[in-house]
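Okay, protein-v5.txt now, which holds compact mmCIF, C-alpha atoms:
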```
# COMPACT_ATOMS: atom_id res chain seq x y z
CA MET E 1 -0.26 -9.31 18.93
CA MET E 2 -2.30 -10.63 15.99
CA PRO E 3 -0.25 -12.98 13.75
CA ARG E 4 0.84 -11.51 10.41
CA ALA E 5 -1.34 -13.84 8.30
CA LEU E 6 -4.43 -13.00 10.34
CA THR E 7 -3.66 -9.29 10.16
CA VAL E 8 -3.48 -9.40 6.35
CA MET E 9 -6.67 -11.44 6.13
CA ALA E 10 -8.57 -9.04 8.41
CA LEU E 11 -7.41 -6.00 6.44
CA SER E 12 -8.32 -7.61 3.11
CA VAL E 13 -11.81 -8.56 4.30
CA THR E 14 -12.42 -5.06 5.63
CA LEU E 15 -11.18 -3.30 2.50
CA LEU E 16 -13.08 -5.59 0.13
CA SER E 17 -16.39 -5.40 1.98
CA ALA E 18 -17.46 -2.35 -0.05
CA CYS E 19 -17.28 -4.45 -3.22
CA ALA E 20 -18.81 -7.66 -1.89
CA GLY E 21 -22.21 -8.62 -3.21
CA ASN E 22 -25.22 -10.38 -1.80
CA SER E 23 -27.93 -12.57 -3.25
CA GLU E 24 -30.54 -9.81 -3.16
CA ARG E 25 -28.74 -7.63 -5.71
CA THR E 26 -30.59 -8.16 -8.96
CA VAL E 27 -30.84 -4.85 -10.83
CA GLU E 28 -28.48 -4.70 -13.83
CA THR E 29 -27.09 -1.76 -15.78
CA PRO E 30 -28.67 -1.10 -19.20
CA SER E 31 -27.14 -2.95 -22.14
CA ALA E 32 -25.82 0.36 -23.55
CA LYS E 33 -22.84 0.07 -21.18
CA ALA E 34 -20.57 -1.63 -23.70
CA VAL E 35 -18.00 -0.62 -26.31
CA ASN E 36 -16.35 -2.44 -29.22
CA VAL E 37 -13.46 -0.38 -30.59
CA SER E 38 -10.06 -0.58 -32.24
CA VAL E 39 -7.21 0.68 -30.04
CA ASP E 40 -3.73 2.16 -30.39
CA PRO E 41 -0.46 0.27 -29.72
CA VAL E 42 -0.36 1.69 -26.17
CA LEU E 43 -3.48 1.15 -24.04
CA GLU E 44 -4.41 2.60 -20.65
CA LEU E 45 -7.32 1.18 -18.66
CA GLN E 46 -8.85 3.25 -15.86
CA LEU E 47 -11.07 0.76 -14.05
CA PRO E 48 -13.74 1.16 -11.37
CA SER E 49 -13.75 -0.70 -8.07
CA GLY E 50 -15.42 -4.08 -8.39
CA ASP E 51 -14.84 -7.44 -10.02
CA VAL E 52 -12.82 -7.06 -13.25
CA ARG E 53 -11.91 -9.85 -15.64
CA ILE E 54 -9.69 -9.17 -18.64
CA VAL E 55 -9.03 -11.77 -21.33
CA GLN E 56 -7.47 -11.72 -24.78
CA SER E 57 -9.79 -10.80 -27.63
CA GLU E 58 -10.64 -13.23 -30.40
CA ASP E 59 -10.43 -10.43 -32.99
CA ASP E 60 -8.66 -7.08 -33.42
CA LEU E 61 -11.12 -5.09 -31.33
CA LEU E 62 -11.34 -4.21 -27.67
CA HIS E 63 -14.66 -5.32 -26.16
CA ALA E 64 -15.71 -3.90 -22.79
CA SER E 65 -18.92 -4.08 -20.78
CA ALA E 66 -20.01 -3.28 -17.24
CA VAL E 67 -22.89 -4.64 -15.19
CA PHE E 68 -24.20 -3.09 -11.98
CA PHE E 69 -25.89 -5.31 -9.40
CA CYS E 70 -28.02 -3.28 -7.01
CA ALA E 71 -30.16 -4.07 -4.01
CA GLU E 72 -33.74 -4.27 -5.20
CA GLY E 73 -35.42 -0.89 -4.73
CA SER E 74 -32.15 1.05 -4.40
CA GLU E 75 -32.86 4.19 -6.41
CA ARG E 76 -29.39 5.62 -5.84
CA CYS E 77 -27.68 2.52 -7.21
CA ALA E 78 -30.06 2.37 -10.17
CA ARG E 79 -29.39 6.04 -10.93
CA ASN E 80 -25.62 5.48 -10.77
CA ALA E 81 -26.00 2.56 -13.18
CA GLN E 82 -28.04 4.67 -15.60
CA GLU E 83 -25.44 7.46 -15.52
CA ALA E 84 -22.42 5.16 -15.96
CA ARG E 85 -20.51 5.32 -19.24
CA ILE E 86 -17.55 3.62 -20.86
CA VAL E 87 -15.48 6.14 -22.81
CA HIS E 88 -12.70 5.47 -25.32
CA GLU E 89 -10.25 8.27 -26.12
CA THR E 90 -7.31 8.20 -28.53
CA ASP E 91 -4.56 10.48 -29.82
CA GLY E 92 -3.39 8.09 -32.52
CA GLN E 93 -0.67 6.54 -30.37
CA THR E 94 -2.30 5.88 -27.01
CA SER E 95 -5.83 4.73 -26.26
CA VAL E 96 -7.48 5.38 -22.90
CA LEU E 97 -10.53 3.47 -21.71
CA ARG E 98 -12.37 5.18 -18.85
CA PHE E 99 -15.38 4.19 -16.78
CA LEU E 100 -17.38 7.27 -15.84
CA PRO E 101 -18.18 8.66 -13.37
CA ASP E 102 -14.76 7.70 -12.08
CA SER E 103 -15.23 8.43 -8.37
CA ALA E 104 -15.41 5.63 -5.80
CA TYR E 105 -18.73 7.11 -4.67
CA SER E 106 -20.37 6.14 -7.96
CA THR E 107 -19.88 2.43 -7.21
CA ARG E 108 -20.38 2.60 -3.46
CA PHE E 109 -23.91 1.18 -3.52
CA ALA E 110 -23.40 -1.45 -6.22
CA ASP E 111 -21.49 -4.55 -7.16
CA VAL E 112 -19.82 -3.70 -10.46
CA ARG E 113 -18.62 -6.46 -12.75
CA VAL E 114 -16.49 -5.52 -15.72
CA GLN E 115 -15.57 -7.75 -18.64
CA ILE E 116 -12.86 -6.70 -21.11
CA ALA E 117 -11.34 -8.54 -24.08
CA LEU E 118 -8.03 -7.07 -25.28
CA PRO E 119 -6.54 -7.26 -28.78
CA PRO E 120 -2.74 -7.36 -29.23
CA VAL E 121 -1.05 -4.19 -27.90
CA GLU E 122 2.56 -3.17 -27.42
CA ALA E 123 2.12 -1.83 -23.89
CA LEU E 124 -0.66 -1.91 -21.30
CA GLU E 125 -1.22 0.28 -18.22
CA VAL E 126 -3.96 -0.52 -15.70
CA HIS E 127 -5.27 1.64 -12.85
CA MET E 128 -7.94 0.26 -10.51
CA GLY E 129 -9.52 0.96 -7.15
CA ALA E 130 -10.57 -1.77 -4.72
CA GLY E 131 -11.74 -5.20 -5.79
CA ALA E 132 -10.60 -8.26 -7.71
CA LEU E 133 -8.67 -8.12 -10.97
CA GLN E 134 -8.02 -11.13 -13.17
CA LEU E 135 -5.84 -10.15 -16.13
CA ALA E 136 -4.65 -12.30 -19.04
CA SER E 137 -2.41 -9.78 -20.76
CA PRO E 138 -1.41 -9.97 -24.44
CA THR E 139 1.88 -8.27 -23.51
CA ALA E 140 4.41 -8.38 -20.68
CA CYS E 141 5.09 -4.63 -21.15
CA LEU E 142 2.64 -4.06 -18.36
CA SER E 143 2.04 -1.72 -15.43
CA VAL E 144 -0.72 -2.33 -12.86
CA LYS E 145 -1.58 -0.06 -9.92
CA ALA E 146 -4.48 -1.02 -7.66
CA GLY E 147 -5.94 -0.27 -4.27
CA ALA E 148 -7.13 -3.05 -1.97
CA GLY E 149 -8.04 -6.51 -3.17
CA ASP E 150 -6.63 -9.39 -5.18
CA VAL E 151 -4.71 -9.11 -8.45
CA ALA E 152 -3.97 -12.17 -10.59
CA ILE E 153 -1.94 -11.63 -13.78
CA LYS E 154 -0.92 -13.94 -16.61
CA ALA E 155 1.59 -12.66 -19.16
CA PRO E 156 3.86 -14.13 -21.88
CA PHE E 157 7.25 -15.27 -20.56
CA ASP E 158 9.11 -14.73 -23.85
CA ASP E 159 8.34 -10.99 -23.77
CA VAL E 160 9.50 -10.21 -20.24
CA ALA E 161 12.93 -9.05 -19.09
CA SER E 162 12.12 -8.20 -15.48
CA VAL E 163 9.28 -8.24 -12.96
CA ALA E 164 8.77 -5.86 -10.02
CA LEU E 165 5.86 -6.51 -7.66
CA LYS E 166 4.93 -4.79 -4.40
CA ALA E 167 2.09 -5.33 -1.93
CA GLY E 168 2.09 -2.69 0.78
CA VAL E 169 0.10 -4.97 3.08
CA GLY E 170 -0.20 -8.56 1.91
CA GLU E 171 1.43 -11.01 -0.48
CA ALA E 172 3.34 -10.69 -3.77
CA ARG E 173 4.26 -13.82 -5.75
CA LEU E 174 5.80 -14.65 -9.13
CA ARG E 175 5.61 -18.03 -10.88
CA THR E 176 7.80 -18.80 -13.91
CA PRO E 177 7.24 -21.51 -16.56
CA ASP E 178 9.79 -23.82 -14.95
CA GLY E 179 7.75 -23.84 -11.75
CA GLY E 180 10.08 -21.51 -9.90
CA GLY E 181 8.68 -18.92 -7.51
CA GLU E 182 9.92 -15.61 -6.18
CA GLU E 183 8.87 -13.70 -3.06
CA GLN E 184 10.61 -11.35 -0.64
CA ARG E 185 9.38 -9.88 2.63
CA PRO E 186 11.33 -6.75 3.56
CA LEU E 187 8.60 -5.53 5.91
CA LEU E 188 6.47 -7.20 8.57
CA VAL E 189 3.22 -6.84 6.63
CA GLY E 190 4.45 -6.14 3.10
CA SER E 191 5.88 -8.22 0.31
CA LYS E 192 7.75 -7.56 -2.90
CA VAL E 193 9.37 -9.35 -5.84
CA ASN E 194 12.29 -8.14 -7.95
CA TRP E 195 13.23 -10.59 -10.71
CA SER E 196 15.33 -9.93 -13.84
CA GLU E 197 16.03 -13.24 -15.55
CA GLY E 198 13.59 -13.05 -18.47
CA PRO E 199 14.55 -13.49 -22.13
CA GLY E 200 12.57 -10.53 -23.49
CA THR E 201 12.65 -6.74 -23.33
CA CYS E 202 9.49 -5.85 -21.35
CA VAL E 203 9.26 -4.64 -17.77
CA LEU E 204 6.26 -5.97 -15.86
CA GLY E 205 5.37 -3.95 -12.77
CA ALA E 206 2.45 -4.22 -10.36
CA SER E 207 1.75 -2.51 -7.05
CA LEU E 208 -1.12 -2.97 -4.61
CA THR E 209 -1.93 -1.05 -1.44
CA ALA E 210 -3.32 -4.07 0.41
CA GLY E 211 -4.15 -7.63 -0.58
CA SER E 212 -2.39 -10.12 -2.83
CA ILE E 213 -0.61 -9.95 -6.19
CA GLY E 214 0.10 -13.11 -8.14
CA VAL E 215 1.89 -13.12 -11.51
CA ARG E 216 2.24 -16.21 -13.65
CA LEU E 217 4.49 -16.12 -16.73
CA LEU E 218 3.27 -18.42 -19.47
CA PRO E 219 5.45 -20.15 -22.08
```

The structure given in the file should be rewritten as C-alpha cells.
Amino acid sequence: MMPRALTVMALSVTLLSACAGNSERTVETPSAKAVNVSVDPVLELQLPSGDVRIVQSEDDLLHASAVFFCAEGSERCARNAQEARIVHETDGQTSVLRFLPDSAYSTRFADVRVQIALPPVEALEVHMGAGALQLASPTACLSVKAGAGDVAIKAPFDDVASVALKAGVGEARLRTPDGGGEEQRPLLVGSKVNWSEGPGTCVLGASLTAGSIGVRLLP
C-alpha cells in the first residue's frame, strides 16, 4: 500500500496538472480584463481555476485583474482569453465579483493568474476551483471553499472567535500568534482543525477537496 504522504502528493500533482504552466506559454489576456470598484460590506469572490493571489488594498477600492498564459499558436486559448470578463454585481449590501465564463472548460487550455487587492470588508466569502490560492484577508469573518490545490490564508487574530478547516484529502493546519499549531486527522487521508479560543467574534471556515490548507492568524 502506498504511504499516506505519497498518496496525498500523487493526488495533488494529478489534480493540479491542469493548472500547471510551461515556459512556452506567452500569450496574455488583453489589458481590459481588470476592474477597480468600490464594494459593499459583504463580499463574495467567485474565482476561476488557476493561480490566485489576494492582498489588502492600499485604498478603498477593490482592484482585480486576470492574465491568461497560452501556448503560442493556441487559438482556442486566445479566444477564451478574449471572451473572459470580470463582472462586479451589487445589491447595496453584498458585492459579488465573478470571472466569466465561469466553467472549468474556459480555463482548460490556459494558465490563469489572478491578482486581487481587497479594501476593508465586514465579511468575505471565496469560491474557487482547482489551483493555488494565497489570501491575505482584511477580516477573519471568512469562508473559503475550493477544489484541488493549495490554500494559504492570513487573517487578523483579534477578529476571530473560532476556526474550522477541512481537507478531504490532504493537510489542514492552523498557526496562532503564539506559535501554537492545531491539526487533527480523523480519517486516513483527510485532515481537519476545530479551534475556538480566539478573542473576537468572527468564524473562519475553509474547506478543500484535495490538497493543503494553511491558516496563519496575525497579531

Within 12 Å of stretch 152-161 of chain E, which residues of stretch 25-107 of chain E show up? Give each one with its shortest atom-to-atom distance in Å (one decimal) and the two atoms involved, counting all atoms listed in the file, rows by chain then rising residue number, as JSON lines.
```
{"residue": "E:Asp51", "atom": "CA", "partner": "E:Ala152", "partner_atom": "CA", "distance": 11.9}
{"residue": "E:Val52", "atom": "CA", "partner": "E:Ala152", "partner_atom": "CA", "distance": 10.6}
{"residue": "E:Arg53", "atom": "CA", "partner": "E:Ala152", "partner_atom": "CA", "distance": 9.7}
{"residue": "E:Ile54", "atom": "CA", "partner": "E:Ile153", "partner_atom": "CA", "distance": 9.5}
{"residue": "E:Val55", "atom": "CA", "partner": "E:Lys154", "partner_atom": "CA", "distance": 9.6}
{"residue": "E:Gln56", "atom": "CA", "partner": "E:Ala155", "partner_atom": "CA", "distance": 10.7}
```

Convert the current residue selection to file output with C-alpha atoms, as a PDB file, keeping the file's coordinate frame.
```
ATOM      1  CA  ASP E  51     -14.840  -7.440 -10.020  1.00  0.00           C
ATOM      2  CA  VAL E  52     -12.820  -7.060 -13.250  1.00  0.00           C
ATOM      3  CA  ARG E  53     -11.910  -9.850 -15.640  1.00  0.00           C
ATOM      4  CA  ILE E  54      -9.690  -9.170 -18.640  1.00  0.00           C
ATOM      5  CA  VAL E  55      -9.030 -11.770 -21.330  1.00  0.00           C
ATOM      6  CA  GLN E  56      -7.470 -11.720 -24.780  1.00  0.00           C
TER       7      GLN E  56
END
```

TODO: Could you tell me which of E:Arg76, E:Gln115, E:Asp102, E:Leu142 comes closest to E:Asn36 if we count all atoms listed in the file?
DONE: E:Gln115

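Atom pair atom CA of E:Gly200 / atom CA of E:Gln134: separated by 23.0 Å.
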
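In terms of minimum interatomic distance to E:Gly205, E:Val144 ranks closest within E:Arg173, E:Arg113, E:Gly129, E:Val144, counting all atoms listed in the file.
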
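Counting only C-alpha atoms, E:Ala117 has the following residues at most 12 Å away, ignoring those fewer than 6 positions along the same chain: Ala34, Val35, Asn36, Val37, Ser38, Val39, Leu45, Val52, Arg53, Ile54, Val55, Gln56, Ser57, Glu58, Asp59, Asp60, Leu61, Leu62, His63, Ala64, Ser65, Gln134, Leu135, Ala136, Ser137 and Pro138 of chain E.
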
Open item on the list: Which residues are near stretch 95-97 of chain E? Cut-off 8 Å, only C-alpha atoms, ignore same chain within fewer than 4 positions. Put them as a PyMOL selection string.
Closed with: chain E and resi 39-46+86-91

Open item on the list: Let me make sure I understand: among E:Leu124, E:Ala167, E:Cys77, E:Ala71, which one has the smallest atom-to-atom distance to E:Ala146 if we use all atoms listed in the file?
Closed with: E:Ala167

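Counting all atoms listed in the file, the residue from E:Asn80, E:Thr94, E:Ser49, E:Ser143 that sits nearest to E:Val203 is E:Ser143.
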
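Take atom CA of E:Val215 and atom CA of E:Thr201: the distance between them is 17.2 Å.
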
Task: Among the residues E:Pro48, E:Phe99, E:Ser212, E:Ala110, the one that comes closest to E:Glu75 [using only C-alpha atoms] - done: E:Ala110

Task: Interatomic distance, atom CA of E:Ala210 to atom CA of E:Met128 (Å, one decimal) - done: 12.6 Å
